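Next up, structure13.txt (compact mmCIF, C-alpha atoms and all ligand atoms):
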# COMPACT_ATOMS: atom_id res chain seq x y z
CA MET A 4 142.09 105.65 110.60
CA ALA A 5 139.66 103.93 108.19
CA SER A 6 140.71 103.73 104.53
CA ALA A 7 138.57 104.75 101.53
CA THR A 8 137.48 101.18 100.78
CA GLU A 9 136.68 100.49 104.43
CA ILE A 10 134.48 103.59 104.52
CA TYR A 11 132.77 102.82 101.22
CA SER A 12 131.90 99.52 99.46
CA GLY A 13 135.01 97.59 100.41
CA ALA A 14 136.39 96.87 96.92
CA VAL A 15 138.29 98.98 94.41
CA ASP A 16 136.39 99.14 91.13
CA LYS A 17 139.23 99.43 88.65
CA GLY A 18 137.96 101.10 85.47
CA LEU A 19 134.59 101.76 87.18
CA GLU A 20 133.08 98.78 85.33
CA GLY A 21 129.37 98.58 85.98
CA VAL A 22 129.36 101.74 88.11
CA VAL A 23 126.33 103.92 87.35
CA ALA A 24 127.65 107.47 87.79
CA CYS A 25 124.69 109.54 86.58
CA THR A 26 121.27 109.39 85.02
CA THR A 27 121.05 110.37 81.37
CA LYS A 28 118.41 110.82 78.67
CA ILE A 29 120.90 111.31 75.85
CA SER A 30 121.65 107.78 74.68
CA SER A 31 121.29 104.24 75.94
CA ILE A 32 123.01 100.91 75.44
CA ILE A 33 120.73 98.02 76.33
CA ASP A 34 122.08 94.61 75.32
CA ALA A 35 123.19 95.17 71.73
CA THR A 36 120.84 98.07 71.06
CA LEU A 37 122.09 101.66 70.95
CA THR A 38 119.54 104.48 70.97
CA TYR A 39 119.84 108.26 70.87
CA ALA A 40 116.97 109.73 72.92
CA GLY A 41 114.90 106.63 72.18
CA TYR A 42 115.64 106.19 68.45
CA THR A 43 117.70 103.17 67.42
CA ILE A 44 121.02 103.80 65.72
CA GLU A 45 119.88 101.66 62.76
CA ASP A 46 116.84 103.92 62.26
CA LEU A 47 118.90 107.10 62.55
CA ALA A 48 121.67 105.81 60.26
CA GLU A 49 119.09 105.11 57.56
CA HIS A 50 116.66 108.01 57.93
CA SER A 51 118.41 110.86 59.74
CA ASN A 52 121.39 113.15 59.20
CA PHE A 53 124.04 114.71 61.42
CA GLU A 54 122.33 118.09 61.92
CA GLU A 55 119.08 116.41 62.96
CA VAL A 56 120.98 114.18 65.38
CA VAL A 57 122.66 117.24 66.91
CA PHE A 58 119.21 118.68 67.66
CA LEU A 59 117.99 115.31 68.98
CA LEU A 60 120.92 114.93 71.38
CA TRP A 61 120.66 118.48 72.68
CA ASN A 62 116.87 118.62 72.99
CA ASN A 63 115.86 115.04 73.63
CA ARG A 64 113.44 115.11 70.70
CA LEU A 65 113.53 115.41 66.93
CA PRO A 66 113.28 118.94 65.49
CA LYS A 67 110.25 120.37 63.73
CA PRO A 68 111.12 121.41 60.13
CA ASN A 69 111.54 125.09 61.11
CA GLU A 70 113.74 124.16 64.10
CA LEU A 71 116.02 122.08 61.89
CA GLU A 72 116.13 124.92 59.39
CA GLN A 73 117.14 127.33 62.17
CA LEU A 74 119.87 124.97 63.40
CA ARG A 75 121.24 124.67 59.86
CA LYS A 76 121.24 128.47 59.54
CA ASP A 77 123.04 128.85 62.88
CA ILE A 78 125.65 126.30 61.82
CA ALA A 79 126.05 128.03 58.43
CA SER A 80 126.66 131.42 59.99
CA ASN A 81 129.29 130.01 62.36
CA ILE A 82 131.09 127.43 60.22
CA LYS A 83 133.88 129.63 58.86
CA LEU A 84 136.95 129.91 61.09
CA GLU A 85 137.61 133.51 62.11
CA THR A 86 140.56 135.20 60.38
CA GLU A 87 142.24 136.04 63.70
CA LEU A 88 142.04 132.42 64.85
CA VAL A 89 143.38 131.13 61.52
CA LYS A 90 146.34 133.50 61.79
CA VAL A 91 147.28 131.99 65.16
CA LEU A 92 146.59 128.41 64.02
CA LYS A 93 149.11 128.91 61.23
CA THR A 94 151.80 129.67 63.81
CA ILE A 95 151.46 126.51 65.94
CA PRO A 96 153.50 123.43 65.00
CA THR A 97 152.11 120.70 62.73
CA LYS A 98 155.30 118.76 61.89
CA ASN A 99 155.49 115.46 63.78
CA ILE A 100 152.44 116.55 65.76
CA HIS A 101 149.52 114.17 66.12
CA PRO A 102 146.36 115.84 64.74
CA MET A 103 144.54 115.10 68.00
CA ALA A 104 147.21 117.00 69.95
CA TRP A 105 146.83 119.88 67.50
CA LEU A 106 143.02 119.74 67.71
CA ARG A 107 143.17 119.78 71.52
CA THR A 108 145.30 122.94 71.31
CA ALA A 109 143.22 124.51 68.54
CA VAL A 110 139.94 124.10 70.47
CA SER A 111 141.58 125.58 73.54
CA LEU A 112 142.82 128.52 71.44
CA MET A 113 139.38 128.94 69.90
CA GLY A 114 138.02 129.49 73.41
CA LEU A 115 140.34 132.49 73.80
CA TYR A 116 138.72 134.12 70.76
CA ASP A 117 135.14 133.39 71.87
CA SER A 118 133.67 136.29 73.85
CA GLN A 119 130.99 133.94 75.23
CA ALA A 120 133.41 131.22 76.34
CA GLU A 121 132.55 131.73 80.00
CA ALA A 122 128.79 132.10 79.39
CA THR A 123 126.50 130.54 81.97
CA THR A 124 123.12 131.45 80.43
CA PRO A 125 121.34 128.85 78.25
CA GLU A 126 121.52 131.22 75.24
CA GLY A 127 125.23 131.89 75.72
CA ARG A 128 126.03 128.22 76.17
CA ARG A 129 123.99 127.29 73.10
CA ALA A 130 125.91 129.86 71.06
CA VAL A 131 129.20 128.31 72.18
CA ALA A 132 127.88 124.83 71.40
CA ILE A 133 126.85 125.88 67.90
CA ARG A 134 130.28 127.38 67.25
CA LEU A 135 132.10 124.26 68.42
CA THR A 136 129.86 121.91 66.42
CA SER A 137 130.10 124.04 63.28
CA LYS A 138 133.84 124.55 63.40
CA MET A 139 135.22 121.21 64.58
CA GLY A 140 135.33 119.80 61.03
CA GLN A 141 136.82 123.04 59.77
CA LEU A 142 139.59 122.87 62.36
CA VAL A 143 140.46 119.34 61.25
CA SER A 144 140.55 120.24 57.55
CA ALA A 145 142.51 123.42 58.38
CA PHE A 146 145.11 121.27 60.15
CA GLU A 147 145.51 119.11 57.05
CA ARG A 148 145.76 122.11 54.73
CA ILE A 149 148.25 123.93 56.97
CA ARG A 150 150.55 120.92 57.37
CA MET A 151 150.51 120.34 53.61
CA GLY A 152 151.40 124.00 53.03
CA LYS A 153 148.07 124.61 51.27
CA GLU A 154 145.62 127.49 51.60
CA ILE A 155 142.63 126.99 53.88
CA ILE A 156 139.42 126.72 51.88
CA GLU A 157 136.27 128.61 52.85
CA PRO A 158 133.25 126.43 53.60
CA VAL A 159 130.01 126.89 51.63
CA LYS A 160 127.25 128.17 53.92
CA GLU A 161 124.37 126.36 52.22
CA LYS A 162 126.01 122.96 52.65
CA SER A 163 126.06 120.45 55.52
CA VAL A 164 128.80 119.77 58.08
CA ALA A 165 129.66 116.54 56.21
CA TRP A 166 129.81 118.21 52.77
CA ASN A 167 131.91 121.07 54.05
CA PHE A 168 134.37 118.81 55.82
CA LEU A 169 135.08 116.80 52.67
CA TYR A 170 135.12 119.94 50.50
CA THR A 171 137.52 121.93 52.65
CA LEU A 172 139.75 118.89 53.22
CA LYS A 173 140.20 118.03 49.56
CA GLY A 174 139.55 121.37 47.87
CA LYS A 175 136.97 120.01 45.45
CA GLU A 176 133.25 119.40 45.61
CA PRO A 177 132.62 115.93 47.06
CA GLU A 178 130.48 113.29 45.32
CA THR A 179 126.94 113.08 46.69
CA ASP A 180 127.19 109.41 47.68
CA LEU A 181 130.46 110.01 49.57
CA VAL A 182 128.83 112.88 51.46
CA LYS A 183 125.96 110.55 52.39
CA ILE A 184 128.40 107.88 53.65
CA PHE A 185 130.40 110.42 55.63
CA ASP A 186 127.24 111.94 57.10
CA THR A 187 126.13 108.47 58.21
CA CYS A 188 129.54 108.01 59.89
CA LEU A 189 128.92 111.26 61.78
CA VAL A 190 125.49 109.97 62.87
CA LEU A 191 126.99 106.67 64.05
CA HIS A 192 129.72 108.34 66.12
CA ALA A 193 127.67 111.16 67.68
CA ASP A 194 127.11 109.72 71.13
CA HIS A 195 127.62 106.59 73.17
CA GLU A 196 126.33 106.90 76.70
CA LEU A 197 128.99 107.29 79.41
CA ASN A 198 132.07 106.47 77.32
CA CYS A 199 135.51 107.59 78.45
CA SER A 200 135.51 110.99 76.69
CA ALA A 201 131.89 111.86 77.57
CA PHE A 202 132.70 110.99 81.17
CA ALA A 203 135.82 113.19 81.01
CA SER A 204 133.71 116.08 79.70
CA ARG A 205 131.20 115.56 82.52
CA VAL A 206 133.89 115.36 85.19
CA THR A 207 135.30 118.72 84.08
CA SER A 208 131.90 120.38 83.75
CA SER A 209 130.89 119.00 87.17
CA SER A 210 133.30 121.50 88.74
CA LEU A 211 131.23 124.13 86.86
CA SER A 212 134.16 124.80 84.59
CA ASP A 213 133.38 126.21 81.12
CA ILE A 214 132.38 124.35 77.93
CA TYR A 215 135.77 124.75 76.21
CA SER A 216 137.62 123.25 79.17
CA SER A 217 135.16 120.35 79.25
CA VAL A 218 135.56 119.71 75.51
CA VAL A 219 139.35 119.88 75.73
CA SER A 220 139.21 117.21 78.47
CA ALA A 221 137.07 115.05 76.18
CA ILE A 222 139.44 115.44 73.22
CA GLY A 223 142.31 114.32 75.43
CA ALA A 224 140.38 111.21 76.46
CA LEU A 225 139.26 110.37 72.92
CA LYS A 226 142.86 110.52 71.66
CA GLY A 227 143.93 107.33 73.44
CA PRO A 228 144.20 104.04 71.50
CA LEU A 229 141.86 102.24 73.92
CA HIS A 230 139.13 104.72 72.96
CA GLY A 231 138.82 106.82 69.76
CA GLY A 232 142.46 106.37 68.81
CA ALA A 233 141.76 102.74 67.89
CA ASN A 234 140.38 103.54 64.40
CA GLU A 235 143.74 104.91 63.26
CA GLN A 236 145.53 101.92 64.79
CA VAL A 237 143.22 99.51 62.90
CA MET A 238 144.28 100.92 59.53
CA LEU A 239 147.95 100.92 60.52
CA MET A 240 147.56 97.26 61.52
CA LEU A 241 145.91 96.35 58.19
CA LYS A 242 148.75 98.06 56.33
CA LYS A 243 151.34 96.31 58.50
CA ILE A 244 149.78 92.89 57.82
CA GLY A 245 149.82 93.80 54.14
CA SER A 246 147.92 90.92 52.54
CA LEU A 247 144.97 88.59 52.98
CA GLU A 248 147.28 85.55 53.04
CA LYS A 249 149.17 86.83 56.07
CA ALA A 250 146.17 88.05 58.06
CA LYS A 251 145.17 84.89 59.93
CA SER A 252 148.62 83.92 61.15
CA TRP A 253 149.47 87.55 62.01
CA ILE A 254 146.40 87.81 64.24
CA LYS A 255 147.02 84.41 65.85
CA ASP A 256 150.61 85.37 66.64
CA ALA A 257 149.50 88.69 68.09
CA LEU A 258 146.92 86.99 70.30
CA ASP A 259 149.48 84.36 71.38
CA ASN A 260 151.73 87.25 72.40
CA LYS A 261 148.84 88.69 74.47
CA GLU A 262 148.63 91.75 72.24
CA LYS A 263 145.37 93.62 71.91
CA ILE A 264 143.84 93.69 68.45
CA MET A 265 142.66 97.23 67.84
CA GLY A 266 138.99 97.62 66.95
CA PHE A 267 137.87 94.59 68.97
CA GLY A 268 136.25 94.20 72.34
CA HIS A 269 134.06 96.55 74.30
CA ARG A 270 133.42 97.31 77.93
CA VAL A 271 129.64 97.30 77.52
CA TYR A 272 128.72 95.31 74.39
CA LYS A 273 129.37 91.66 74.87
CA ASN A 274 127.17 90.53 71.95
CA GLY A 275 128.44 92.95 69.34
CA ASP A 276 128.47 96.66 68.65
CA PRO A 277 125.50 97.58 66.40
CA ARG A 278 127.53 100.39 64.82
CA ALA A 279 130.16 97.89 63.67
CA LYS A 280 127.49 95.90 61.79
CA ILE A 281 126.36 99.01 59.89
CA LEU A 282 129.95 100.05 59.21
CA ALA A 283 130.89 96.55 57.99
CA THR A 284 128.23 96.79 55.28
CA MET A 285 129.39 100.30 54.39
CA SER A 286 133.01 99.13 54.27
CA GLU A 287 132.18 96.21 51.99
CA LYS A 288 130.26 98.38 49.52
CA LEU A 289 132.64 101.33 49.52
CA THR A 290 135.93 99.44 49.37
CA LYS A 291 134.61 97.42 46.42
CA LYS A 292 133.32 100.54 44.67
CA MET A 293 136.71 102.21 45.06
CA GLY A 294 138.58 99.13 43.84
CA GLU A 295 139.97 98.57 47.34
CA GLY A 296 137.95 95.43 48.17
CA HIS A 297 141.02 93.62 49.53
CA TRP A 298 140.92 95.84 52.65
CA TYR A 299 137.39 94.64 53.42
CA GLU A 300 138.32 91.00 52.69
CA MET A 301 141.26 91.28 55.07
CA SER A 302 139.11 92.95 57.72
CA LYS A 303 136.47 90.23 57.45
CA LEU A 304 139.09 87.49 57.84
CA ILE A 305 140.53 89.27 60.90
CA ASP A 306 137.01 89.65 62.29
CA ASP A 307 136.35 85.89 61.86
CA THR A 308 139.75 84.99 63.32
CA VAL A 309 139.45 87.20 66.43
CA GLN A 310 135.94 85.86 67.01
CA SER A 311 136.96 82.22 66.74
CA GLU A 312 140.26 82.56 68.63
CA LYS A 313 139.23 84.97 71.37
CA GLY A 314 135.43 85.32 71.22
CA LEU A 315 135.73 89.08 70.72
CA LEU A 316 133.58 91.09 68.33
CA PRO A 317 134.48 94.25 66.37
CA ASN A 318 133.62 97.66 67.78
CA VAL A 319 132.84 100.94 65.96
CA ASP A 320 136.50 101.56 65.19
CA PHE A 321 137.19 98.38 63.23
CA TYR A 322 135.25 98.86 60.00
CA SER A 323 135.21 102.67 60.10
CA ALA A 324 138.95 102.54 59.34
CA THR A 325 138.48 101.03 55.87
CA VAL A 326 135.50 103.31 55.16
CA TYR A 327 137.68 106.40 55.76
CA TYR A 328 140.63 104.85 53.93
CA SER A 329 138.50 104.24 50.83
CA MET A 330 137.45 107.88 50.95
CA GLY A 331 141.11 108.89 50.70
CA ILE A 332 141.22 110.47 54.15
CA PRO A 333 144.71 110.54 55.75
CA ILE A 334 144.96 107.80 58.41
CA ASP A 335 145.91 110.09 61.29
CA LEU A 336 142.73 112.13 60.74
CA TYR A 337 140.42 109.22 61.64
CA THR A 338 140.34 110.05 65.35
CA PRO A 339 139.89 113.80 64.76
CA ILE A 340 136.93 112.88 62.53
CA PHE A 341 135.50 111.00 65.50
CA ALA A 342 135.69 114.33 67.39
CA VAL A 343 133.95 116.16 64.50
CA SER A 344 130.92 114.00 65.26
CA ARG A 345 131.28 113.31 69.00
CA ILE A 346 131.40 117.03 69.80
CA SER A 347 127.58 116.84 69.55
CA GLY A 348 127.36 114.15 72.21
CA TRP A 349 129.95 115.78 74.49
CA LEU A 350 127.96 119.02 74.43
CA ALA A 351 124.74 117.15 75.24
CA HIS A 352 126.51 115.54 78.23
CA ILE A 353 127.97 118.86 79.38
CA PHE A 354 124.50 120.48 79.27
CA GLU A 355 122.97 117.53 81.11
CA GLN A 356 125.68 117.71 83.75
CA TYR A 357 125.15 121.45 84.29
CA SER A 358 121.41 120.89 84.61
CA ASN A 359 121.68 118.24 87.34
CA ASN A 360 125.08 118.73 88.86
CA ARG A 361 127.06 117.32 91.70
CA ILE A 362 130.84 117.47 91.50
CA TYR A 363 132.50 114.11 90.66
CA ARG A 364 134.80 113.24 93.51
CA PRO A 365 135.37 109.49 94.00
CA ARG A 366 137.90 108.05 96.46
CA GLY A 367 141.22 106.29 95.91
CA GLU A 368 142.41 103.43 98.09
CA TYR A 369 145.81 104.46 99.46
CA THR A 370 148.41 101.71 98.94
CA GLY A 371 151.57 103.77 99.51
CA ASN A 372 153.98 103.96 102.41
CA ARG A 373 152.74 104.87 105.87
CA ASN A 374 154.21 106.24 109.05
CA LEU A 375 157.43 107.52 107.48
CA LYS A 376 159.45 110.31 109.13
CA ARG A 377 162.05 112.65 107.65
N1 LIG A 401 142.35 92.13 71.65
C1 LIG A 401 142.76 91.09 72.41
N2 LIG A 401 142.32 90.85 73.64
C2 LIG A 401 141.41 91.70 74.14
C3 LIG A 401 140.93 92.80 73.42
C4 LIG A 401 141.44 93.00 72.13
N3 LIG A 401 141.03 94.02 71.39
N4 LIG A 401 140.02 93.45 74.16
C5 LIG A 401 139.94 92.81 75.31
N5 LIG A 401 140.78 91.75 75.29
C6 LIG A 401 140.98 90.80 76.37
C7 LIG A 401 141.92 91.37 77.42
O1 LIG A 401 143.25 91.13 77.13
C8 LIG A 401 141.43 90.69 78.65
O2 LIG A 401 141.89 89.36 78.62
P1 LIG A 401 142.39 88.63 79.96
O3 LIG A 401 141.14 88.58 80.83
O4 LIG A 401 142.87 87.33 79.49
O5 LIG A 401 143.42 89.52 80.56
C9 LIG A 401 139.92 90.63 78.45
O6 LIG A 401 139.74 90.59 77.03
C10 LIG A 401 139.18 91.82 79.00
O7 LIG A 401 139.75 93.00 78.44
P2 LIG A 401 139.86 94.38 79.16
O8 LIG A 401 140.91 95.21 78.49
O9 LIG A 401 139.99 94.18 80.65
O10 LIG A 401 138.42 94.97 78.86
P3 LIG A 401 137.95 96.43 79.15
O11 LIG A 401 136.50 96.37 79.29
O12 LIG A 401 138.75 97.03 80.26
O13 LIG A 401 138.39 97.24 77.83
C11 LIG A 401 138.46 97.87 75.60
C12 LIG A 401 137.55 97.44 76.74
C13 LIG A 401 139.35 99.03 76.06
C14 LIG A 401 137.59 98.38 74.44
C15 LIG A 401 139.31 96.68 75.15
O14 LIG A 401 138.47 95.69 74.60
C16 LIG A 401 140.38 97.08 74.18
O15 LIG A 401 141.47 97.49 74.61
N6 LIG A 401 140.12 96.96 72.83
C17 LIG A 401 141.09 97.39 71.85
C18 LIG A 401 141.07 98.91 71.69
C19 LIG A 401 139.81 99.38 70.99
O16 LIG A 401 139.39 98.86 69.98
N7 LIG A 401 139.23 100.45 71.56
C20 LIG A 401 138.04 101.09 71.00
C21 LIG A 401 136.83 100.79 71.83
S1 LIG A 401 135.36 101.51 71.15
C22 LIG A 401 135.57 103.15 71.50
O17 LIG A 401 136.06 103.53 72.53
C23 LIG A 401 135.17 104.09 70.51

Represent the supplied structure as C-alpha cells.
Ligand code: ACO
Amino acid sequence: MASATEIYSGAVDKGLEGVVACTTKISSIIDATLTYAGYTIEDLAEHSNFEEVVFLLWNNRLPKPNELEQLRKDIASNIKLETELVKVLKTIPTKNIHPMAWLRTAVSLMGLYDSQAEATTPEGRRAVAIRLTSKMGQLVSAFERIRMGKEIIEPVKEKSVAWNFLYTLKGKEPETDLVKIFDTCLVLHADHELNCSAFASRVTSSSLSDIYSSVVSAIGALKGPLHGGANEQVMLMLKKIGSLEKAKSWIKDALDNKEKIMGFGHRVYKNGDPRAKILATMSEKLTKKMGEGHWYEMSKLIDDTVQSEKGLLPNVDFYSATVYYSMGIPIDLYTPIFAVSRISGWLAHIFEQYSNNRIYRPRGEYTGNRNLKR
C-alpha cells in the first residue's frame, strides 16, 4: 500500500518550513517588514496603542473614534475578574508552578464560568473575545498577587489594558512613560502571521471547537522556549553570564558546544526581526534611565558576538527581556505578558479560521515496524 509521502509530495517537511497553510489578512511578514492589516509595525509602535491594534486585527481596518471608544468601554466593563472565578483561582497551586502552566489552567477555568463559552454567533464570539482580551492581563497579575500572598487589586475601568496590568501587578499607579513603553510592547507582540501558537489556535478551531479551547492550545504552544518562552530564558542567560567581561567568551563557548542562544534566529526573518530593532532602542533608553545600563551593554555585546560568530540576528524575545527587567517585572512573567498581548492576534486567527474553515489534517510518514504478528 502507498505511504503518505508516496501519495503526496514525496518529502517530509519537518517543521512545515515554507508550507503555506492558509490565506490571511491579519498580518504579513515580507522580507524584514511586518505589517498588521497593511500598517507597518514601526508605524503602529509609534502612533497606535494596544486597544486600537485589537480593533485593527479583528476588523482588518482602523477604528473610527466612536468604535474605539466603544471597544474601550467594552474592555472596561469586562476587565475585572469575577468573584466566583477569583475564589477558584485562589485554590489552585502556585508554588513551583510555571506562570504559563497556571495561565493555561486559569483560562480553561474561566471558560467554565463564561455562559457564552460555546457561542457560535458573531455577537457571542465577540463577547467571549472581549472578555479574554480584557482579563488576560488581570489573570497574570492575579497569579503574581496570589503566589505572593497578597490581595488581588481591582482594575480601574477608565484606564487602558497596559495601565491596569502594571497597576494591579504592583499595587500602585504606574508612571506615564512606563505605561507608554509597556503599551508599545503589547503592540509589538500582538500578532505575527502563522507563528507556532497562532497555528495551534487555528488547528484547534478548525475542528470547530470553541474559542477557549483554541486559546488554551495557543497558550500551550507559546509556553515553549523555542517560541514565547525564549524571553524568560534570555534574562536568565544574562543573569547567568553575570558581567560584560564574561559575555563574549560565554557565548563563544555556548556556540562551540552547539547550544542555542535564546532570543536569536528566526524561521522567517533571515535579515532581522523589525520588532527587535524597536525593542533594542527601548531597552537602551529604559535600562539607562533605570540605572541598569549594564544589561543593555551586555545584550549588545552578545548581539554583536552571535552575529559575527553565527550570522544570527536577535528576534523579538532578545531585547524585550531587558525592557521588562528594567520595569521590575518578575522574570517568569515575561512569557505570560506575551500572552496578554498575543491573545488579540490569536482571536483574530480563530475568527478568520471559523470564517473560511477546512479542518487541518496533514499526513505523517509511517517509519515504524511493519508486518508484525502477536
Ligand atoms: N543559537 C544558535 N544556533 C541557532 C539558533 C540560536 N538561537 N537558532 C538557530 N540556530 C542554528 C541551528 O542550530 C541550526 O544550525 P545547524 O544547521 O548547524 O544545525 C540552524 O541555525 C537552523 O536552526 P533551526 O533550529 O533549524 O531553525 P528553525 O527555523 O527550525 O528555528 C528558531 C527557528 C526556533 C527561532 C531557532 O532559531 C531557535 O531555536 N532560536 C532560539 C529560541 C528563540 O529565540 N525562540 C524565539 C523565536 S521568536 C518567537 O517565537 C516569539

**Prompt:** So which residues touch stretch 165-178 of chain A within 9 Å, counting only C-alpha atoms, skipping near sequence neighbours fewer than 5 positions away, as an MDAnalysis selection string?
**Reply:** chainID A and resid 53 82 140:141 143:145 147:148 155:160 183 185:186 189 332

**Message:** Counting all atoms listed in the file, what are the residues, protein, DNA or RNA alike, that approach ligand LIG 401 (chain A) to within 10 Å? I want them as number ranges by chain.
**Reply:** A: 17-20, 192, 194-195, 198-200, 224-234, 236-237, 254, 257-273, 276, 279, 309, 312-321, 338, 341

Let me see the file: selected residues, C-alpha atoms, as an mmCIF file, in the frame of the given file.
data_model
loop_
_atom_site.group_PDB
_atom_site.id
_atom_site.type_symbol
_atom_site.label_atom_id
_atom_site.label_comp_id
_atom_site.auth_asym_id
_atom_site.auth_seq_id
_atom_site.Cartn_x
_atom_site.Cartn_y
_atom_site.Cartn_z
ATOM 1 C CA LYS A 17 139.230 99.430 88.650
ATOM 2 C CA GLY A 18 137.960 101.100 85.470
ATOM 3 C CA LEU A 19 134.590 101.760 87.180
ATOM 4 C CA GLU A 20 133.080 98.780 85.330
ATOM 5 C CA HIS A 192 129.720 108.340 66.120
ATOM 6 C CA ASP A 194 127.110 109.720 71.130
ATOM 7 C CA HIS A 195 127.620 106.590 73.170
ATOM 8 C CA ASN A 198 132.070 106.470 77.320
ATOM 9 C CA CYS A 199 135.510 107.590 78.450
ATOM 10 C CA SER A 200 135.510 110.990 76.690
ATOM 11 C CA ALA A 224 140.380 111.210 76.460
ATOM 12 C CA LEU A 225 139.260 110.370 72.920
ATOM 13 C CA LYS A 226 142.860 110.520 71.660
ATOM 14 C CA GLY A 227 143.930 107.330 73.440
ATOM 15 C CA PRO A 228 144.200 104.040 71.500
ATOM 16 C CA LEU A 229 141.860 102.240 73.920
ATOM 17 C CA HIS A 230 139.130 104.720 72.960
ATOM 18 C CA GLY A 231 138.820 106.820 69.760
ATOM 19 C CA GLY A 232 142.460 106.370 68.810
ATOM 20 C CA ALA A 233 141.760 102.740 67.890
ATOM 21 C CA ASN A 234 140.380 103.540 64.400
ATOM 22 C CA GLN A 236 145.530 101.920 64.790
ATOM 23 C CA VAL A 237 143.220 99.510 62.900
ATOM 24 C CA ILE A 254 146.400 87.810 64.240
ATOM 25 C CA ALA A 257 149.500 88.690 68.090
ATOM 26 C CA LEU A 258 146.920 86.990 70.300
ATOM 27 C CA ASP A 259 149.480 84.360 71.380
ATOM 28 C CA ASN A 260 151.730 87.250 72.400
ATOM 29 C CA LYS A 261 148.840 88.690 74.470
ATOM 30 C CA GLU A 262 148.630 91.750 72.240
ATOM 31 C CA LYS A 263 145.370 93.620 71.910
ATOM 32 C CA ILE A 264 143.840 93.690 68.450
ATOM 33 C CA MET A 265 142.660 97.230 67.840
ATOM 34 C CA GLY A 266 138.990 97.620 66.950
ATOM 35 C CA PHE A 267 137.870 94.590 68.970
ATOM 36 C CA GLY A 268 136.250 94.200 72.340
ATOM 37 C CA HIS A 269 134.060 96.550 74.300
ATOM 38 C CA ARG A 270 133.420 97.310 77.930
ATOM 39 C CA VAL A 271 129.640 97.300 77.520
ATOM 40 C CA TYR A 272 128.720 95.310 74.390
ATOM 41 C CA LYS A 273 129.370 91.660 74.870
ATOM 42 C CA ASP A 276 128.470 96.660 68.650
ATOM 43 C CA ALA A 279 130.160 97.890 63.670
ATOM 44 C CA VAL A 309 139.450 87.200 66.430
ATOM 45 C CA GLU A 312 140.260 82.560 68.630
ATOM 46 C CA LYS A 313 139.230 84.970 71.370
ATOM 47 C CA GLY A 314 135.430 85.320 71.220
ATOM 48 C CA LEU A 315 135.730 89.080 70.720
ATOM 49 C CA LEU A 316 133.580 91.090 68.330
ATOM 50 C CA PRO A 317 134.480 94.250 66.370
ATOM 51 C CA ASN A 318 133.620 97.660 67.780
ATOM 52 C CA VAL A 319 132.840 100.940 65.960
ATOM 53 C CA ASP A 320 136.500 101.560 65.190
ATOM 54 C CA PHE A 321 137.190 98.380 63.230
ATOM 55 C CA THR A 338 140.340 110.050 65.350
ATOM 56 C CA PHE A 341 135.500 111.000 65.500
#

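Across the model, the gap from atom CA of A:Thr27 to atom CA of A:Ala351 is 9.9 Å.
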
**Request:** Considering only C-alpha atoms, state which residue in the set A:Val110, A:Val89, A:Ile32, A:Ala40 is at the smallest distance from A:Ile149.
**Result:**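 Selected residue with least distance to A:Ile149: A:Val89.
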
**Message:** So, with all atoms listed in the file as the atoms that count, which of A:Asn360, A:Thr325, A:Thr94, A:Ser217 lies closest to A:Met238?
**Reply:** A:Thr325

**Message:** If I take atom CA of A:Lys138 and atom CA of A:Leu336, how far is one from the other in Å, to one decimal?
**Reply:**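 Between atom CA of A:Lys138 and atom CA of A:Leu336 the gap is 15.5 Å.
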